[in-house]
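All remarks here apply to the structure that follows.
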Amino acid sequence: MSKRIEIKDLDIYYGKFHAVKSVNMTIEPRAVTAFIGSSGCGKSTVLRSLNRMHEVIPGAYVDGQVLLDGVDLYAPNVDPVRVRRQVGMVFQRPNPFPTMSIKENILAGVRLNNARISKSAADELVEKSLKGANLWNEVKDRLDRPGSGLSGGQQQRLCIARAIAVEPDVILMDEPCSALDPISTLAIEDLIKDLKEEYTVVIVTHNMQQAARVSDQTAFFNLKAHGQPGELIEMGPTEKIFHNPDQKATEDYITGRFG
Amino acid sequence: MSTTMTSPKRTGSTTPDLLTAGQLPKFTGLAALVVSIAVAAGLLALLQSANVTSVVAVGALLFLLSMFILSTAVEGVRKAKDRLAKYVVTGFFLVALAPLISVIWGTIANGMARFDGVFFTWSMRNVLGEGGGAIHAIWGTLIITGIATLISVPIGLLTAIYLVEYSNNGKLGASIRFFVDVMTGIPSIVAGLFAYTIFSMIFGAGHKSGISGAVALSILMIPTVVRSTEEMLRIVPNELREASYALGVPKWRTILKVVLPTSIAGIITGVVLAIARVIGETAPLLVTASITSSMNLDPSQHPMATLPVFVYNQYMYAPGIDTAAYHARAWAGALTLILIVMGLNAIGRFIAWKFAPKAGR
Amino acid sequence: MSATDIPEASTDPRSDSHSLERSAKRFGDTFFRGLSTGSGVLILLILAAVAAFLVGLAIPALLADPETFQFSRGQSFWKYVAPYAFGTMWSAILAMIMAVPVAVGIALYLTHYAPKRISSTFGYIIDLLAAVPSVVFGLWGIAVLAPAMRPLFLWLNEHFSWIPLFAGQVSGTGRTIFTASVVLAVMILPIITAISREVFLQTPKLHEEASLALGATRWEMIRQAVIPFGMPGIISACMLGLGRALGETMAVAMVLSGSGIISFKLLTSQNPNTIAANIAQSFPEAHDIGRNQLIATGLVLFIITLAVNMTARWIINRRKEFSGAN
């Protein structure tokens, strides 16, 4: 299930704007990798380039390679739609489909692709995904109710369940807790620790304590100056980045001297 | 009027209180209005020219004048202007209600006479003078509007999808949007002439048919459908599209299964209101589908009667004898038309209200 | 669902989930994109066709020998169309003079004076006016309004006949250009109200509060903050209303007993006709070159309304750019 991601000389542009400059990194399978850095430094952009979601914005393109177990996501004949089936994503704000029930939300990835699935297989998939997202016990009695009726934290776990229902290899999370209260955040953080048993997890976060709590590896992004493209400053085991970084900029950021 | 002058009071004459100023008591406005109307009625009665319109008009002027003077004296000129603006603006709203009430009342009062069973079962075939009905015209209206809807909705819907989902704010999208706006301004008679000329070129001069009428109506209906659908698609949050893409769903399936279902209530409302708008169109049908006194259910050839043209024809081309019978049929047709249009509006609003996206979580 | 679903229906997302390659089978995206782009282009083509057909069929009337004309034989086309163009503009201008102050007043009432809870209901009532079919307005105009206007006409004529507008012999039926303009004014009222109302609602709250905080009364606040902000919007709303008044056919065709003359008199039975009403009234009896003549007048109307509408849209779009993201 879990796959290794290698990023080689990745440059990302929005039209003429050079957003991110020459990123090189390896993201290990069965581990949580956190992207930290100040606002606008390109960490979310890099995350979205890992399943080609940044292409949704008109004019966006990349230069370089993103290898998923050795296969380049940006090779000419690669279909971004298929990439996204293997690299799932969870967004900043919970976004369950408002017209669908909890159950339909889980099955959305399968159903929207018009795949046929038997009723028993569907029920099994719903239960498995909801259990995988630590949500089963809370919603098992109201699977046919609208997903938008849940609390914010439950909605976010529903979105995680929906993402793992298509059985991806990688799960990307773009500040998944920034719209949630502390208790819901804790539930999501526990879930992230469980998810890494099966998936490669990449998480963007503004909250450094969160990065320290959940991640194995941490990558620090920064801007050299305003108007310059974002760059990867340093990447390493979370322990090392937080306690003994190689770069001065990283240390300044961690200790709160700027950003 | 002079009695109201006594009620305003100045507070604290010895210690000036800067936060309170002279103020007319709340009932002044109402009192002044009653007095003004009464004075106007009395004056006009003396001049022997009192009727509802003149009393209301003169009374309103008296009211505005007296309130302005009163308020200037008590509250100051700035406050007086403020009051004047308030009364004038409110008055405009009431003025606009008058024609609406008059239209609806006139149509009901005149239309009820022939709003009967015969009207909804008979055509005008071989009818001279009394009797006869509009069933042929009602069928014609349903058929022509139905075809126009079948043409307009797919084109309008797909164009709106192009504008919102595919155009990326490019040049083509901008020009389509601009010309759709321009199209909303095409005079309806011009749309009729266009449909007439096209069908004349293909099928020979003087061609009259239901389908040519439907084409004319489509030209009027497409821009309305595009604009309302576009608006509805735009309010679907981008987060839902992204959620769908992130599940590996192709764009077109995302549009069909996520974006459209989310906005479907608004889209249907827009379509219903667009139908309501074109179902009462007369001018384009006059030059395309024309009028006939017999039932014609075949839209491909021969003139086809429609309700609006029926109304026009019955009223304007009534013969010298039995004129009242023709006029009564015209009013009954107008009543039917108003009921259809108001019904469609009510349905549209109901759908919008019932299925409105629930705000927030 | 359309037939294009079938090729993809067999694609289980998990059966070949380890291939990232584009499946040659999936043309759903291309097809759907093409379909919707095609619809957009089709609209451009329709509009181009409307213009082309009108021009194509109007040209014979411009080139033909006036002696062969069905309508106003012996006169050039321009002489034929001039009085109708005048009548179109004149009736629309009269309607605007009556409708604009009332419509803007109603919009102000709905946004700034009416109690919050009922203002949307009141707005809906005004919208109802827009829903009434034009033929019903025509019927109302000829049968209810025209007789009701006569006393006013007589009074105006009696006391103000020194003003040229009110001079002349008062029409016995009340079916004059004045009555027609009142009907037009009622018909364009809702559109001007709706757009002005929307614009007034967009007035930045900060401007309004800043004005009130300086001690302005509500009316002074409206004059300082709301009207200046909404001016371009009001202008384009008026242009759109004007466009509708110019093109309105049935109400005028029924209410007005007009002919091809130029006259400013409002109360007499000698009234100019409008282009649209003339087409509706003359088309059934027109044949051969007569049809070309009418289509040519339709083209003139099309060009006038197009110019008015494009100006209105241009103002609206320019305003959007200035007001930024809102």
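Ligands are numbered from 1 in the order shown, chains are lettered A, B, ... in the order of the structure tokens, and residues start at 1 in each chain.
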
Could the residues of chain A that have an atom at most 12 Å from chain C be listed as CSV, each with its closest atom pair and the distance in Å to one decimal, counting only C-alpha atoms and ordered by chain and ascending residue number?
```
residue,atom,partner,partner_atom,distance
A:Met1,CA,C:His18,CA,10.2
A:Lys3,CA,C:His18,CA,11.2
A:Asn51,CA,C:Leu20,CA,11.5
A:Leu67,CA,C:Leu20,CA,11.6
A:Leu68,CA,C:Leu20,CA,10.0
A:Asp69,CA,C:His18,CA,10.6
A:Gly70,CA,C:Leu20,CA,11.8
A:Val71,CA,C:Leu20,CA,8.3
A:Asp72,CA,C:Leu20,CA,9.2
A:Leu73,CA,C:Leu20,CA,7.7
A:Tyr74,CA,C:Leu20,CA,10.1
A:Ala75,CA,C:Glu21,CA,9.0
A:Pro76,CA,C:Glu21,CA,9.0
A:Asn77,CA,C:Glu21,CA,5.6
A:Val78,CA,C:Glu21,CA,4.5
A:Asp79,CA,C:Arg22,CA,4.5
A:Pro80,CA,C:Leu20,CA,8.0
A:Val81,CA,C:Arg22,CA,8.5
A:Arg82,CA,C:Leu20,CA,5.5
A:Val83,CA,C:Leu20,CA,6.0
A:Arg84,CA,C:Leu20,CA,9.5
A:Arg85,CA,C:Pro13,CA,7.5
A:Gln86,CA,C:Ser17,CA,7.2
A:Val87,CA,C:Ser17,CA,11.0
A:Gly109,CA,C:Pro13,CA,8.8
A:Val110,CA,C:Pro13,CA,7.1
A:Arg111,CA,C:Pro13,CA,9.9
A:Leu112,CA,C:Pro13,CA,10.3
A:Asn113,CA,C:Pro13,CA,7.1
A:Asn114,CA,C:Ala9,CA,5.7
A:Ala115,CA,C:Asp12,CA,5.0
A:Arg116,CA,C:Asp12,CA,7.4
A:Ile117,CA,C:Asp12,CA,9.1
A:Ala165,CA,C:Arg14,CA,10.8
A:Val166,CA,C:Arg14,CA,7.8
A:Glu167,CA,C:Arg14,CA,8.0
A:Pro168,CA,C:Ser17,CA,8.9
A:Asp169,CA,C:His18,CA,9.9
```

- Please report as a PyMOL selection string which residues of chain C come no farther than 6 Å from chain B, using only C-alpha atoms. chain C and resi 29+36-37+39-40+50+102+105-106+109+133+136+219+247+298

- Identify every residue of chain B that has at least one atom within 12 Å of any atom of chain A, counting only C-alpha atoms, and report the result as a ChimeraX atom specification. /B:165-170,236-265,355-361

- Query: In Å to one decimal, how far is CA of Pro284 (chain C) from CA of Leu128 (chain B)?
  - Reply: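 About the pair CA of Leu128 (chain B) and CA of Pro284 (chain C): they are 21.2 Å apart.
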
For Ser294 (chain B), list every protein, DNA or RNA residue within 12 Å, evaluated using only C-alpha atoms, and leave out those in the same chain fewer than 2 positions away; present the list as a tab-separated table (two decimals) with C-alpha atoms, in the first residue's frame.
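Listed below is the output, result.tsv:
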```tsv
chain	number	residue	atom	x	y	z
B	122	TRP	CA	-63.75	24.72	-27.15
B	123	SER	CA	-61.61	26.14	-29.87
B	124	MET	CA	-62.68	29.09	-32.03
B	125	ARG	CA	-63.43	26.89	-35.03
B	126	ASN	CA	-66.64	28.07	-36.70
B	127	VAL	CA	-67.41	30.34	-33.76
B	132	GLY	CA	-66.00	29.44	-28.23
B	133	GLY	CA	-62.89	29.01	-26.19
B	134	ALA	CA	-59.12	28.96	-26.17
B	135	ILE	CA	-58.27	25.29	-25.85
B	136	HIS	CA	-56.42	25.41	-29.18
B	137	ALA	CA	-54.41	28.38	-27.98
B	138	ILE	CA	-53.64	26.75	-24.63
B	139	TRP	CA	-52.35	23.65	-26.40
B	140	GLY	CA	-50.35	25.82	-28.77
B	291	ILE	CA	-53.02	32.73	-35.22
B	292	THR	CA	-55.67	30.25	-36.25
B	296	ASN	CA	-53.33	22.41	-34.54
B	297	LEU	CA	-51.14	19.99	-32.62
B	298	ASP	CA	-48.49	19.67	-35.31
B	302	HIS	CA	-49.49	25.56	-40.41
B	303	PRO	CA	-50.22	28.42	-38.05
B	304	MET	CA	-50.62	27.56	-34.39
B	305	ALA	CA	-52.63	29.65	-31.96
B	306	THR	CA	-51.10	30.64	-28.64
B	310	PHE	CA	-55.26	34.77	-28.91
```

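The spacing separating CA of Ile275 (chain B) from CA of Ile147 (chain B) amounts to 11.0 Å.
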
- In Å and to one decimal, CA of Ser161 (chain C) is distant from CA of Ala45 (chain B) by 24.7 Å

- Message: I need the residues of region 89-310 of chain C that end up classed as helix (DSSP H, G or I) by DSSP on the backbone, written out as a PyMOL selection string.
- Response: chain C and resi 89-113+116-131+134-160+164-166+177-201+205-213+218-247+250-255+275-285+289-310

So that I can see what lies close to region 257-268 of chain C, please list as a PDB file with C-alpha atoms, in the first residue's frame the residues with an atom at most 8 Å from it, counting only C-alpha atoms and leaving out residues fewer than 2 positions away in the same chain.
```
ATOM      1  CA  TYR C  80     -40.305  55.801 -44.024  1.00  0.00           C
ATOM      2  CA  PRO C  83     -41.183  58.837 -37.814  1.00  0.00           C
ATOM      3  CA  TYR C  84     -41.234  55.347 -36.308  1.00  0.00           C
ATOM      4  CA  PHE C  86     -38.868  59.104 -33.500  1.00  0.00           C
ATOM      5  CA  GLY C  87     -41.945  57.504 -31.930  1.00  0.00           C
ATOM      6  CA  PHE C 153     -55.933  64.796 -20.209  1.00  0.00           C
ATOM      7  CA  ASN C 157     -55.515  70.509 -21.807  1.00  0.00           C
ATOM      8  CA  PRO C 164     -47.114  72.821 -26.609  1.00  0.00           C
ATOM      9  CA  LEU C 165     -46.993  69.281 -25.187  1.00  0.00           C
ATOM     10  CA  PHE C 166     -50.564  69.553 -23.933  1.00  0.00           C
ATOM     11  CA  ALA C 167     -51.995  71.477 -26.863  1.00  0.00           C
ATOM     12  CA  GLY C 168     -54.430  70.249 -29.482  1.00  0.00           C
ATOM     13  CA  GLN C 169     -57.729  68.406 -29.497  1.00  0.00           C
ATOM     14  CA  VAL C 170     -57.857  65.814 -26.690  1.00  0.00           C
ATOM     15  CA  SER C 171     -58.217  62.248 -27.919  1.00  0.00           C
ATOM     16  CA  GLY C 174     -57.348  58.257 -24.287  1.00  0.00           C
ATOM     17  CA  ARG C 175     -55.213  56.020 -26.493  1.00  0.00           C
ATOM     18  CA  THR C 176     -52.375  58.500 -26.842  1.00  0.00           C
ATOM     19  CA  ILE C 177     -48.620  58.322 -26.585  1.00  0.00           C
ATOM     20  CA  PHE C 178     -48.937  59.602 -23.018  1.00  0.00           C
ATOM     21  CA  ALA C 253     -49.312  48.134 -30.389  1.00  0.00           C
ATOM     22  CA  MET C 254     -52.504  47.732 -28.387  1.00  0.00           C
ATOM     23  CA  VAL C 255     -52.648  51.014 -26.490  1.00  0.00           C
ATOM     24  CA  GLN C 270     -52.564  62.118 -33.853  1.00  0.00           C
ATOM     25  CA  ASN C 271     -49.730  60.018 -32.394  1.00  0.00           C
ATOM     26  CA  PRO C 272     -46.438  58.763 -33.729  1.00  0.00           C
ATOM     27  CA  ASN C 273     -46.063  54.984 -33.760  1.00  0.00           C
ATOM     28  CA  THR C 274     -43.067  52.925 -32.623  1.00  0.00           C
TER      29      THR C 274
END
```

- Item | Residue nearest Ala180 (chain C) - candidates C:Leu242, C:Ala146, C:Leu301, C:Ile295, atoms counted: only C-alpha atoms |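 Checking each candidate against Ala180 (chain C), we get C:Ala146 as the closest.
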